[in-house]
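Structure record follows, encoded as structure tokens.
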Amino acid sequence: MKNKESNIDGITVKLLKHAFETIGDKFLNIINQSKETFQMSMIVPIEKKKGTIKCEEFGPTNMVLSYKKIL
């Protein structure tokens, strides 16, 4: 994963990479348990053309929580 700024959850990829050695096993256990019960993301409209107001000139972008990108 690239070191991008935080996503909708406020957790940066860089932070996850540094913390993984310490909390990796427990974190993966939590992710695997939650993966079985709950899947959700936020769809955000992004302009295809700068300064537009037409619906058809927006494209959907799926905003996924940082830890789900690991899966």
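Labeling convention for the structure tokens: chains A, B, ... as they appear, residues from 1 per chain, ligands from 1 in order of appearance.
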
*Please provide the set of residues having any atom within 9 Å of Asn62 in chain A, restricted to only C-alpha atoms, with same-chain residues fewer than 3 positions apart removed, written as number ranges by chain.*
A: 41-45

Write the residues you've just listed into a file as a tab-separated table (two decimals), in the first residue's frame, and include C-alpha atoms for each of them.
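The file below, again29.tsv, is the result:
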chain	number	residue	atom	x	y	z
A	41	SER	CA	-17.97	1.82	2.50
A	42	MET	CA	-18.88	5.38	1.58
A	43	ILE	CA	-19.48	6.44	-2.04
A	44	VAL	CA	-18.38	10.03	-2.72
A	45	PRO	CA	-19.04	11.93	-5.97

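Going from CA of Phe58 in chain A to CA of Gly10 in chain A covers 24.7 Å.
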
_Just to confirm, what's the straight-line distance from CA of Val64 in chain A to CA of Ile11 in chain A in Å (one decimal)?_
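A separation of 11.4 Å between them.
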